[in-house]
file protein-v2.cif (mmCIF, C-alpha atoms)
data_data
#
loop_
_atom_site.label_atom_id
_atom_site.label_comp_id
_atom_site.auth_asym_id
_atom_site.auth_seq_id
_atom_site.Cartn_x
_atom_site.Cartn_y
_atom_site.Cartn_z
CA MET A 293 -70.84 -12.59 -18.73
CA ASN A 294 -71.14 -12.27 -22.50
CA ARG A 295 -68.59 -13.70 -24.93
CA SER A 296 -66.78 -10.40 -25.69
CA THR A 297 -66.43 -9.52 -22.02
CA PHE A 298 -65.12 -12.99 -21.28
CA LEU A 299 -62.56 -12.78 -24.09
CA ALA A 300 -61.39 -9.32 -22.98
CA THR A 301 -61.00 -10.50 -19.39
CA ALA A 302 -59.15 -13.63 -20.47
CA LEU A 303 -56.82 -11.60 -22.70
CA ALA A 304 -56.02 -9.13 -19.93
CA ALA A 305 -55.32 -11.97 -17.52
CA ALA A 306 -53.04 -13.61 -20.06
CA LEU A 307 -51.09 -10.42 -20.71
CA LEU A 308 -50.42 -9.54 -17.07
CA PRO A 309 -47.88 -12.27 -16.48
CA LEU A 310 -46.14 -11.35 -19.73
CA GLY A 311 -45.75 -7.74 -18.59
CA ALA A 312 -44.44 -8.86 -15.22
CA LEU A 313 -42.10 -11.30 -16.93
CA ALA A 314 -40.79 -8.59 -19.25
CA GLN A 315 -39.94 -6.40 -16.27
CA THR A 316 -38.30 -9.29 -14.44
CA ASP A 317 -36.20 -10.18 -17.48
CA TRP A 318 -35.03 -6.60 -18.03
CA PRO A 319 -32.67 -5.86 -19.64
CA THR A 320 -32.87 -7.85 -22.86
CA LYS A 321 -30.98 -5.34 -25.03
CA PRO A 322 -28.37 -2.56 -24.66
CA ILE A 323 -29.13 0.37 -22.34
CA SER A 324 -28.43 4.00 -23.22
CA MET A 325 -26.95 6.14 -20.45
CA VAL A 326 -27.50 9.77 -21.36
CA VAL A 327 -24.82 12.22 -20.17
CA PRO A 328 -25.67 15.96 -20.39
CA TYR A 329 -22.09 17.09 -21.04
CA PRO A 330 -19.49 16.52 -23.77
CA PRO A 331 -16.82 13.84 -23.26
CA GLY A 332 -13.94 14.64 -20.94
CA GLY A 333 -15.54 16.26 -17.89
CA VAL A 334 -16.12 14.82 -14.42
CA ASN A 335 -19.75 13.86 -15.13
CA ASP A 336 -18.69 12.00 -18.26
CA ALA A 337 -15.77 10.29 -16.51
CA VAL A 338 -17.98 9.02 -13.68
CA ALA A 339 -20.75 7.95 -16.08
CA ARG A 340 -18.35 5.95 -18.27
CA VAL A 341 -16.94 3.94 -15.40
CA TYR A 342 -20.43 3.31 -14.02
CA ALA A 343 -21.55 2.23 -17.51
CA GLU A 344 -18.70 -0.25 -17.71
CA LYS A 345 -19.45 -1.72 -14.28
CA LEU A 346 -23.24 -1.72 -14.72
CA ALA A 347 -22.91 -3.63 -17.97
CA THR A 348 -21.25 -6.43 -16.01
CA GLU A 349 -23.92 -6.37 -13.30
CA LEU A 350 -26.90 -6.21 -15.68
CA GLY A 351 -25.56 -8.52 -18.37
CA LYS A 352 -26.12 -6.09 -21.26
CA PRO A 353 -24.02 -3.24 -22.72
CA VAL A 354 -24.56 0.21 -21.22
CA ILE A 355 -23.70 2.76 -23.89
CA VAL A 356 -22.85 6.36 -22.95
CA ASP A 357 -24.81 8.87 -25.04
CA ASN A 358 -23.38 12.40 -24.70
CA ARG A 359 -26.15 14.93 -25.39
CA ALA A 360 -24.61 18.27 -24.48
CA GLY A 361 -26.30 21.61 -25.03
CA ALA A 362 -28.38 24.40 -23.47
CA ALA A 363 -26.81 23.96 -20.02
CA THR A 364 -27.90 20.27 -19.93
CA THR A 365 -31.49 21.04 -20.95
CA VAL A 366 -31.08 19.17 -24.27
CA ALA A 367 -30.37 15.94 -22.40
CA SER A 368 -33.02 16.49 -19.73
CA ASN A 369 -35.72 17.19 -22.33
CA PHE A 370 -34.70 14.09 -24.27
CA VAL A 371 -34.87 11.78 -21.25
CA ALA A 372 -38.18 13.24 -20.06
CA LYS A 373 -39.75 12.24 -23.39
CA ALA A 374 -38.06 8.84 -23.68
CA ALA A 375 -39.97 5.58 -23.35
CA PRO A 376 -40.19 4.55 -19.68
CA ASP A 377 -38.91 1.05 -20.34
CA GLY A 378 -35.55 1.08 -18.56
CA TYR A 379 -33.50 1.41 -21.72
CA THR A 380 -32.86 5.14 -21.30
CA ILE A 381 -31.17 6.11 -18.04
CA TYR A 382 -29.80 9.53 -17.16
CA ALA A 383 -26.67 10.58 -15.27
CA GLY A 384 -28.13 13.92 -14.22
CA GLY A 385 -27.26 16.52 -11.62
CA THR A 386 -28.15 19.86 -10.02
CA SER A 387 -29.32 21.32 -13.32
CA LEU A 388 -32.42 19.11 -13.19
CA VAL A 389 -33.93 21.33 -10.51
CA ILE A 390 -32.32 24.69 -11.26
CA ASN A 391 -32.80 24.96 -15.03
CA PRO A 392 -36.57 25.58 -14.84
CA THR A 393 -35.73 28.76 -12.87
CA LEU A 394 -32.47 29.54 -14.63
CA THR A 395 -33.76 29.30 -18.20
CA GLY A 396 -37.54 29.14 -17.92
CA GLN A 397 -37.60 27.17 -21.19
CA VAL A 398 -37.37 23.51 -20.19
CA GLN A 399 -39.82 20.95 -21.52
CA TYR A 400 -40.00 18.92 -18.33
CA ASP A 401 -41.18 19.15 -14.74
CA PRO A 402 -38.28 18.27 -12.41
CA HIS A 403 -40.67 16.67 -9.94
CA LYS A 404 -42.98 14.85 -12.35
CA SER A 405 -40.98 13.93 -15.45
CA PHE A 406 -38.45 11.63 -13.77
CA GLU A 407 -38.16 8.79 -11.29
CA LEU A 408 -35.18 8.95 -8.93
CA VAL A 409 -32.99 5.86 -8.77
CA SER A 410 -29.80 6.58 -6.81
CA LEU A 411 -27.07 9.10 -6.20
CA MET A 412 -23.79 8.11 -7.84
CA SER A 413 -20.97 10.52 -6.97
CA PHE A 414 -19.98 13.75 -5.24
CA THR A 415 -17.09 15.92 -6.40
CA PRO A 416 -15.98 19.06 -4.52
CA PHE A 417 -14.63 22.11 -6.29
CA ILE A 418 -11.19 23.52 -5.64
CA LEU A 419 -10.86 27.29 -5.66
CA HIS A 420 -7.51 27.75 -7.40
CA VAL A 421 -5.71 30.83 -8.67
CA ASN A 422 -3.14 31.53 -11.35
CA ALA A 423 0.39 30.90 -10.08
CA ASP A 424 1.25 34.60 -10.48
CA PHE A 425 -1.74 35.82 -8.48
CA PRO A 426 -0.31 37.62 -5.42
CA ALA A 427 -2.40 35.78 -2.79
CA LYS A 428 -1.03 32.54 -1.33
CA ASN A 429 -3.98 31.73 0.93
CA MET A 430 -7.60 32.73 1.55
CA ALA A 431 -6.82 35.58 3.94
CA GLU A 432 -4.48 37.13 1.38
CA LEU A 433 -6.97 36.53 -1.44
CA ILE A 434 -9.75 38.31 0.44
CA ALA A 435 -7.46 41.21 1.37
CA THR A 436 -6.16 41.53 -2.20
CA VAL A 437 -9.60 41.53 -3.80
CA LYS A 438 -11.07 43.92 -1.24
CA ALA A 439 -8.22 46.33 -1.91
CA ASN A 440 -8.93 46.12 -5.66
CA PRO A 441 -12.72 45.84 -6.11
CA GLY A 442 -13.77 44.83 -9.61
CA LYS A 443 -10.18 44.33 -10.79
CA PHE A 444 -10.00 40.54 -10.70
CA ASN A 445 -12.17 37.97 -12.40
CA ILE A 446 -13.43 34.52 -11.54
CA ALA A 447 -14.05 32.10 -14.40
CA SER A 448 -16.69 29.41 -14.69
CA SER A 449 -17.77 26.77 -17.19
CA GLY A 450 -20.91 28.74 -18.00
CA ILE A 451 -23.79 30.76 -16.59
CA GLY A 452 -25.74 28.61 -14.16
CA ALA A 453 -23.11 25.87 -14.02
CA THR A 454 -22.53 24.61 -10.48
CA ASN A 455 -19.08 26.21 -10.34
CA HIS A 456 -20.65 29.53 -11.38
CA LEU A 457 -23.16 29.20 -8.56
CA ALA A 458 -20.30 28.31 -6.22
CA ALA A 459 -18.56 31.53 -7.27
CA GLU A 460 -21.71 33.59 -6.68
CA LEU A 461 -22.24 31.99 -3.27
CA PHE A 462 -18.60 32.70 -2.41
CA LYS A 463 -18.93 36.33 -3.48
CA ALA A 464 -22.16 36.73 -1.52
CA GLN A 465 -20.78 35.24 1.69
CA THR A 466 -17.43 37.05 1.59
CA GLY A 467 -18.61 40.36 0.13
CA LEU A 468 -15.94 40.23 -2.59
CA ASP A 469 -16.28 42.21 -5.83
CA LEU A 470 -15.12 39.74 -8.46
CA VAL A 471 -16.06 39.87 -12.14
CA HIS A 472 -17.63 36.63 -13.36
CA VAL A 473 -16.37 35.41 -16.74
CA PRO A 474 -18.40 32.50 -18.17
CA TYR A 475 -16.84 30.06 -20.63
CA LYS A 476 -18.40 27.36 -22.78
CA GLY A 477 -17.08 24.50 -20.69
CA GLY A 478 -14.63 24.01 -17.86
CA ALA A 479 -11.65 22.92 -19.95
CA GLN A 480 -11.04 26.28 -21.62
CA ALA A 481 -11.80 28.16 -18.41
CA GLY A 482 -9.21 26.11 -16.55
CA GLN A 483 -6.66 26.66 -19.31
CA ASP A 484 -7.18 30.41 -19.09
CA VAL A 485 -6.73 30.42 -15.31
CA ALA A 486 -3.50 28.48 -15.81
CA GLY A 487 -2.47 30.91 -18.56
CA GLY A 488 -3.29 34.04 -16.56
CA GLN A 489 -6.16 35.30 -18.72
CA ALA A 490 -8.42 34.64 -15.72
CA GLN A 491 -7.31 34.94 -12.11
CA MET A 492 -9.28 32.21 -10.33
CA MET A 493 -11.96 29.56 -10.64
CA PHE A 494 -13.83 26.86 -8.78
CA SER A 495 -12.87 23.72 -10.72
CA ALA A 496 -14.03 20.17 -10.03
CA SER A 497 -11.19 18.47 -8.15
CA LEU A 498 -10.75 15.97 -10.99
CA GLU A 499 -10.19 18.86 -13.42
CA ALA A 500 -8.12 21.06 -11.10
CA LYS A 501 -5.61 18.37 -10.16
CA PRO A 502 -3.47 18.50 -13.37
CA PHE A 503 -3.15 22.30 -13.15
CA LEU A 504 -2.15 22.11 -9.49
CA ALA A 505 0.35 19.34 -10.20
CA SER A 506 1.94 21.36 -12.99
CA GLY A 507 2.35 24.39 -10.74
CA LYS A 508 0.36 26.58 -13.13
CA THR A 509 -2.31 27.19 -10.52
CA ARG A 510 -2.34 27.21 -6.72
CA ALA A 511 -5.07 25.82 -4.48
CA ILE A 512 -6.74 28.17 -2.03
CA ALA A 513 -9.63 26.13 -0.62
CA ILE A 514 -12.01 23.25 -1.30
CA SER A 515 -15.78 23.68 -1.49
CA SER A 516 -16.93 20.69 0.58
CA THR A 517 -17.78 20.92 4.29
CA LYS A 518 -14.93 18.53 5.14
CA ARG A 519 -11.42 18.26 3.76
CA SER A 520 -10.95 15.77 0.95
CA PRO A 521 -8.78 12.69 1.65
CA ALA A 522 -7.27 13.25 -1.80
CA PHE A 523 -6.25 16.82 -0.90
CA PRO A 524 -5.76 16.80 2.89
CA ASP A 525 -3.66 19.97 2.92
CA ILE A 526 -6.31 22.10 1.21
CA PRO A 527 -8.60 23.76 3.79
CA THR A 528 -12.32 24.04 3.24
CA VAL A 529 -13.75 27.42 2.24
CA ASN A 530 -15.49 27.51 5.63
CA GLU A 531 -12.19 26.98 7.45
CA ALA A 532 -10.17 29.37 5.36
CA ALA A 533 -12.71 32.21 5.10
CA GLY A 534 -14.28 31.88 8.53
CA LEU A 535 -17.67 30.91 7.11
CA THR A 536 -20.13 28.38 8.52
CA ASP A 537 -22.43 27.17 5.75
CA PHE A 538 -20.56 27.35 2.47
CA GLU A 539 -20.95 24.18 0.42
CA ALA A 540 -20.93 23.58 -3.33
CA VAL A 541 -20.48 20.09 -4.71
CA PHE A 542 -20.82 18.71 -8.21
CA TRP A 543 -22.91 15.56 -7.91
CA THR A 544 -24.26 12.93 -10.26
CA GLY A 545 -27.40 10.88 -9.76
CA MET A 546 -29.28 8.32 -11.81
CA VAL A 547 -32.83 9.14 -12.90
CA VAL A 548 -35.16 7.52 -15.44
CA PRO A 549 -38.27 8.71 -17.28
CA ALA A 550 -41.43 8.90 -15.17
CA GLY A 551 -43.52 5.76 -15.46
CA THR A 552 -40.57 3.37 -15.54
CA PRO A 553 -41.78 0.18 -13.77
CA LYS A 554 -40.66 -0.16 -10.16
CA PRO A 555 -39.12 -3.62 -10.64
CA ILE A 556 -36.76 -2.10 -13.21
CA ILE A 557 -35.91 0.84 -10.93
CA ASP A 558 -35.27 -1.54 -8.04
CA LYS A 559 -33.00 -3.73 -10.17
CA LEU A 560 -31.07 -0.70 -11.42
CA GLN A 561 -30.76 0.73 -7.91
CA LYS A 562 -29.47 -2.60 -6.60
CA ALA A 563 -26.86 -2.71 -9.37
CA ILE A 564 -25.71 0.86 -8.64
CA THR A 565 -25.41 0.03 -4.94
CA LYS A 566 -23.17 -2.94 -5.76
CA VAL A 567 -21.02 -0.95 -8.20
CA ALA A 568 -20.62 1.94 -5.75
CA ALA A 569 -19.35 -0.49 -3.09
CA ASP A 570 -16.66 -1.89 -5.39
CA PRO A 571 -13.28 -1.14 -3.71
CA ASP A 572 -11.60 -0.72 -7.10
CA MET A 573 -14.26 1.77 -8.17
CA ILE A 574 -13.94 3.72 -4.92
CA GLU A 575 -10.14 3.85 -5.05
CA ARG A 576 -10.12 4.69 -8.77
CA PHE A 577 -11.86 7.98 -8.09
CA LYS A 578 -10.75 8.68 -4.52
CA GLN A 579 -7.33 9.80 -5.74
CA GLN A 580 -9.09 12.42 -7.88
CA GLY A 581 -11.20 13.69 -4.99
CA VAL A 582 -14.41 12.06 -6.28
CA GLU A 583 -16.57 10.28 -3.70
CA ILE A 584 -18.45 7.34 -5.18
CA ARG A 585 -21.68 6.52 -3.37
CA SER A 586 -25.18 5.17 -3.78
CA SER A 587 -28.45 5.98 -2.03
CA SER A 588 -32.06 5.05 -1.57
CA GLN A 589 -34.72 6.95 -3.50
CA ALA A 590 -35.71 8.71 -0.26
CA GLU A 591 -32.15 9.87 0.39
CA PHE A 592 -31.88 11.09 -3.20
CA LEU A 593 -35.14 13.02 -2.85
CA GLU A 594 -33.94 14.67 0.37
CA HIS A 595 -30.68 15.69 -1.26
CA LEU A 596 -32.44 17.04 -4.34
CA ALA A 597 -34.79 19.17 -2.23
CA LYS A 598 -31.84 20.64 -0.33
CA GLU A 599 -29.99 21.46 -3.54
CA GLU A 600 -33.07 23.02 -5.13
CA LYS A 601 -33.67 25.29 -2.14
CA ARG A 602 -30.04 26.45 -1.94
CA TRP A 603 -29.45 27.19 -5.59
CA VAL A 604 -32.87 28.40 -6.72
CA THR A 605 -32.84 30.89 -3.83
CA LEU A 606 -29.41 32.15 -4.94
CA ILE A 607 -30.46 32.35 -8.60
CA LYS A 608 -33.51 34.43 -7.72
CA ASP A 609 -31.64 36.66 -5.26
CA LYS A 610 -28.87 37.42 -7.78
CA GLY A 611 -31.14 37.59 -10.83
CA ILE A 612 -29.05 34.99 -12.67
CA LYS A 613 -30.39 34.09 -16.11
CA ALA A 614 -28.93 31.78 -18.71
CA GLU A 615 -28.20 33.41 -22.04
#

call {"tool": "encode", "arguments": {"input": "protein-v2.cif", "output": "structure tokens"}}
result
Amino acid sequence: MNRSTFLATALAAALLPLGALAQTDWPTKPISMVVPYPPGGVNDAVARVYAEKLATELGKPVIVDNRAGAATTVASNFVAKAAPDGYTIYAGGTSLVINPTLTGQVQYDPHKSFELVSLMSFTPFILHVNADFPAKNMAELIATVKANPGKFNIASSGIGATNHLAAELFKAQTGLDLVHVPYKGGAQAGQDVAGGQAQMMFSASLEAKPFLASGKTRAIAISSTKRSPAFPDIPTVNEAAGLTDFEAVFWTGMVVPAGTPKPIIDKLQKAITKVAADPDMIERFKQQGVEIRSSSQAEFLEHLAKEEKRWVTLIKDKGIKAE
């Protein structure tokens, strides 16, 4: 072995433990948790509480970085290009796998640009109507809309948003002729349903609850396959409409840029699992209808594949395109 080869080998050997040590010591500085929505929504609310709890578990601040825009594509593109060092983590959702079909303009590959860490939360939608809408239950809603095709509208927080897809799935499975009205965010859409400018909407349970409590809107059904413990009197869409496979849930899961070292992913996953098992954390969101949970990478992958198949099929069948 010549001198240069020996020195190169010795240097590589010396650096290996340092790299391993760096991964073991992670984190050594604050972590940025990217959220693809503006402050105030369910994704942001869940992310902020997770950030607070994860900071305690990991021993370093976890700072929420809201990067809203282009139906979450701004945030997804940013994370896909971020350094895979564990200091950029992403509270993503369904849009990760549907936006490549919905917009056709993403700068990432949903299956190659990210590493899955863990699921974080599931939030059902509540189909609620303006208090003056004539229908008091699902049977009356279906009868009313069928008697007046094209007369009533259903709001959403934007084209391609999960509650828009829930509305399209509902229309497809019930055969109802409802006019979709997209808004730039769920807050204004919910306000307009409460004010009567829109007749109905699938709102995340966390966002629907204040309107229901005020009496400005009335719950018709919930979009999960089982009734929510927080809203036990609200039937599922399947129950109320006589359907068998309707399901639409807003979920959040942690992903990181592809290439992030496995020891870092494992440490982050372990921390999420501990946070998700915190009774205070569970109870804090349970009253809002939000189910806090964690998962293995394999379970996350299975869930993601199921979501991609359901929603991409619907998007293609209905010709839905983001503006």

call {"tool": "residues_around", "arguments": {"input": "protein-v2.cif", "residues": "Ala423 of chain A", "least_positions_apart": "5", "cutoff": "6 Å", "atoms": "all atoms listed in the file", "output": "ChimeraX atom specification"}}
result
/A:508-510

call {"tool": "resolve_selection", "arguments": {"input": "protein-v2.cif", "expression": "the PyMOL selection byres ((chain A and resi 529-545) around 7)", "output": "PyMOL selection string"}}
result
chain A and resi 335+383-385+410-417+430-431+454+458+513-517+527-528+546-547

call {"tool": "closest_residue", "arguments": {"input": "protein-v2.cif", "among": "A:Ile584, A:Ala569, A:Met493, A:Ala479", "to": "Glu460 of chain A", "atoms": "all atoms listed in the file"}}
result
A:Met493

call {"tool": "residues_near_point", "arguments": {"input": "protein-v2.cif", "point": "(-26.0, 22.1, -20.3)", "cutoff": "6 Å", "atoms": "all atoms listed in the file", "output": "ChimeraX atom specification"}}
result
/A:360-365

call {"tool": "resolve_selection", "arguments": {"input": "protein-v2.cif", "expression": "the PyMOL selection byres ((chain A and resi 339-356) around 7)", "output": "ChimeraX atom specification"}}
result
/A:319,321-327,335-338,357-358,383,563,567

call {"tool": "atom_distance", "arguments": {"input": "protein-v2.cif", "atom1": "atom CA of Phe370 of chain A", "atom2": "atom CA of Pro474 of chain A"}}
result
25.3 Å

call {"tool": "atom_distance", "arguments": {"input": "protein-v2.cif", "atom1": "atom CA of Val473 of chain A", "atom2": "atom CA of Ala447 of chain A"}}
result
4.7 Å

call {"tool": "atom_distance", "arguments": {"input": "protein-v2.cif", "atom1": "atom CA of Lys610 of chain A", "atom2": "atom CA of Ala459 of chain A"}}
result
11.9 Å

call {"tool": "residues_around", "arguments": {"input": "protein-v2.cif", "residues": "Pro571 of chain A", "least_positions_apart": "6", "cutoff": "12 Å", "atoms": "only C-alpha atoms", "output": "PyMOL selection string"}}
result
chain A and resi 577-578+583-585

call {"tool": "residues_around", "arguments": {"input": "protein-v2.cif", "residues": "Gln399 of chain A", "least_positions_apart": "5", "cutoff": "12 Å", "atoms": "only C-alpha atoms", "output": "PDB file with C-alpha atoms, in the frame of the given file"}}
result
ATOM      1  CA  THR A 365     -31.490  21.040 -20.950  1.00  0.00           C
ATOM      2  CA  VAL A 366     -31.080  19.170 -24.270  1.00  0.00           C
ATOM      3  CA  ALA A 367     -30.370  15.940 -22.400  1.00  0.00           C
ATOM      4  CA  SER A 368     -33.020  16.490 -19.730  1.00  0.00           C
ATOM      5  CA  ASN A 369     -35.720  17.190 -22.330  1.00  0.00           C
ATOM      6  CA  PHE A 370     -34.700  14.090 -24.270  1.00  0.00           C
ATOM      7  CA  VAL A 371     -34.870  11.780 -21.250  1.00  0.00           C
ATOM      8  CA  ALA A 372     -38.180  13.240 -20.060  1.00  0.00           C
ATOM      9  CA  LYS A 373     -39.750  12.240 -23.390  1.00  0.00           C
ATOM     10  CA  LEU A 388     -32.420  19.110 -13.190  1.00  0.00           C
ATOM     11  CA  ASN A 391     -32.800  24.960 -15.030  1.00  0.00           C
ATOM     12  CA  PRO A 392     -36.570  25.580 -14.840  1.00  0.00           C
ATOM     13  CA  LYS A 404     -42.980  14.850 -12.350  1.00  0.00           C
ATOM     14  CA  SER A 405     -40.980  13.930 -15.450  1.00  0.00           C
TER      15      SER A 405
END

call {"tool": "resolve_selection", "arguments": {"input": "protein-v2.cif", "expression": "the PyMOL selection byres ((chain A and resi 395) around 12)", "output": "PyMOL selection string"}}
result
chain A and resi 362-365+387-394+396-399+451-453+604+607-608+611-615

call {"tool": "closest_residue", "arguments": {"input": "protein-v2.cif", "among": "A:Tyr329, A:Phe494, A:Phe503, A:Phe406", "to": "Ile557 of chain A", "atoms": "all atoms listed in the file"}}
result
A:Phe406

call {"tool": "residues_around", "arguments": {"input": "protein-v2.cif", "residues": "Phe523 of chain A", "least_positions_apart": "5", "cutoff": "9 Å", "atoms": "only C-alpha atoms", "output": "list of chain:residue names"}}
result
A:Ser497, A:Ile514, A:Gln579, A:Gln580, A:Gly581

call {"tool": "residues_around", "arguments": {"input": "protein-v2.cif", "residues": "Lys476 of chain A", "least_positions_apart": "5", "cutoff": "8 Å", "atoms": "all atoms listed in the file", "output": "number ranges by chain"}}
result
A: 449-450, 481

call {"tool": "closest_residue", "arguments": {"input": "protein-v2.cif", "among": "A:Ser495, A:Asn429, A:Glu407, A:Leu457", "to": "Glu599 of chain A", "atoms": "only C-alpha atoms"}}
result
A:Leu457

call {"tool": "closest_residue", "arguments": {"input": "protein-v2.cif", "among": "A:Ala435, A:Ile418, A:Val485, A:Val548", "to": "Arg519 of chain A", "atoms": "all atoms listed in the file"}}
result
A:Ile418

call {"tool": "residues_near_point", "arguments": {"input": "protein-v2.cif", "point": "(-6.1, 42.1, -5.6)", "cutoff": "12 Å", "atoms": "all atoms listed in the file", "output": "list in words"}}
result
Val421, Asp424, Phe425, Pro426, Ala427, Lys428, Met430, Ala431, Glu432, Leu433, Ile434, Ala435, Thr436, Val437, Lys438, Ala439, Asn440, Pro441, Gly442, Lys443, Phe444, Asn445, Leu468, Asp469, Leu470, Gln491 and Met492 of chain A

call {"tool": "decode", "arguments": {"input": "protein-v2.cif", "residues": "segment 535-606 of chain A", "atoms": "C-alpha atoms", "output": "compact mmCIF listing (two decimals), in the first residue's frame"}}
result
# COMPACT_ATOMS: atom_id res chain seq x y z
CA LEU A 535 -73.29 3.44 1.94
CA THR A 536 -70.61 0.84 2.65
CA ASP A 537 -67.20 2.29 1.79
CA PHE A 538 -67.32 6.04 2.28
CA GLU A 539 -64.31 7.32 4.22
CA ALA A 540 -62.50 10.65 4.13
CA VAL A 541 -60.15 11.62 6.93
CA PHE A 542 -57.70 14.49 7.27
CA TRP A 543 -54.46 12.97 8.53
CA THR A 544 -51.02 14.22 9.41
CA GLY A 545 -47.79 12.24 9.20
CA MET A 546 -44.14 13.02 9.76
CA VAL A 547 -41.76 12.70 6.81
CA VAL A 548 -38.17 13.87 6.29
CA PRO A 549 -36.02 14.45 3.20
CA ALA A 550 -34.78 11.31 1.46
CA GLY A 551 -31.31 10.32 2.62
CA THR A 552 -31.87 11.26 6.26
CA PRO A 553 -29.79 8.75 8.29
CA LYS A 554 -31.77 5.87 9.78
CA PRO A 555 -30.53 6.47 13.34
CA ILE A 556 -32.08 9.94 13.19
CA ILE A 557 -35.35 8.60 11.74
CA ASP A 558 -35.47 5.92 14.43
CA LYS A 559 -34.88 8.47 17.19
CA LEU A 560 -37.56 10.77 15.80
CA GLN A 561 -40.03 7.89 15.40
CA LYS A 562 -39.40 6.78 18.98
CA ALA A 563 -40.05 10.32 20.22
CA ILE A 564 -43.30 10.58 18.23
CA THR A 565 -44.46 7.24 19.62
CA LYS A 566 -43.88 8.48 23.17
CA VAL A 567 -45.62 11.81 22.55
CA ALA A 568 -48.61 10.12 20.89
CA ALA A 569 -49.05 7.90 23.96
CA ASP A 570 -49.16 10.87 26.34
CA PRO A 571 -52.61 10.79 28.04
CA ASP A 572 -52.69 14.59 28.22
CA MET A 573 -51.96 14.83 24.50
CA ILE A 574 -54.63 12.27 23.66
CA GLU A 575 -57.29 13.92 25.83
CA ARG A 576 -56.36 17.41 24.62
CA PHE A 577 -57.42 16.53 21.09
CA LYS A 578 -60.00 13.83 21.76
CA GLN A 579 -62.58 16.44 22.76
CA GLN A 580 -62.11 18.03 19.33
CA GLY A 581 -62.56 14.73 17.50
CA VAL A 582 -58.85 14.41 16.64
CA GLU A 583 -57.28 10.98 17.12
CA ILE A 584 -53.61 11.18 18.07
CA ARG A 585 -51.59 8.15 17.03
CA SER A 586 -48.19 6.95 15.91
CA SER A 587 -47.11 4.17 13.57
CA SER A 588 -44.23 2.19 12.18
CA GLN A 589 -42.79 3.12 8.80
CA ALA A 590 -44.45 0.02 7.32
CA GLU A 591 -47.86 1.01 8.66
CA PHE A 592 -47.39 4.53 7.32
CA LEU A 593 -46.45 3.17 3.90
CA GLU A 594 -49.54 0.94 3.81
CA HIS A 595 -51.77 3.86 4.74
CA LEU A 596 -50.18 6.13 2.15
CA ALA A 597 -50.67 3.56 -0.62
CA LYS A 598 -54.35 3.20 0.31
CA GLU A 599 -54.87 6.96 0.29
CA GLU A 600 -53.07 7.38 -3.02
CA LYS A 601 -55.20 4.72 -4.71
CA ARG A 602 -58.49 6.14 -3.41
CA TRP A 603 -57.93 9.79 -4.18
CA VAL A 604 -55.86 9.61 -7.36
CA THR A 605 -58.53 7.33 -8.85
CA LEU A 606 -61.23 9.86 -7.94
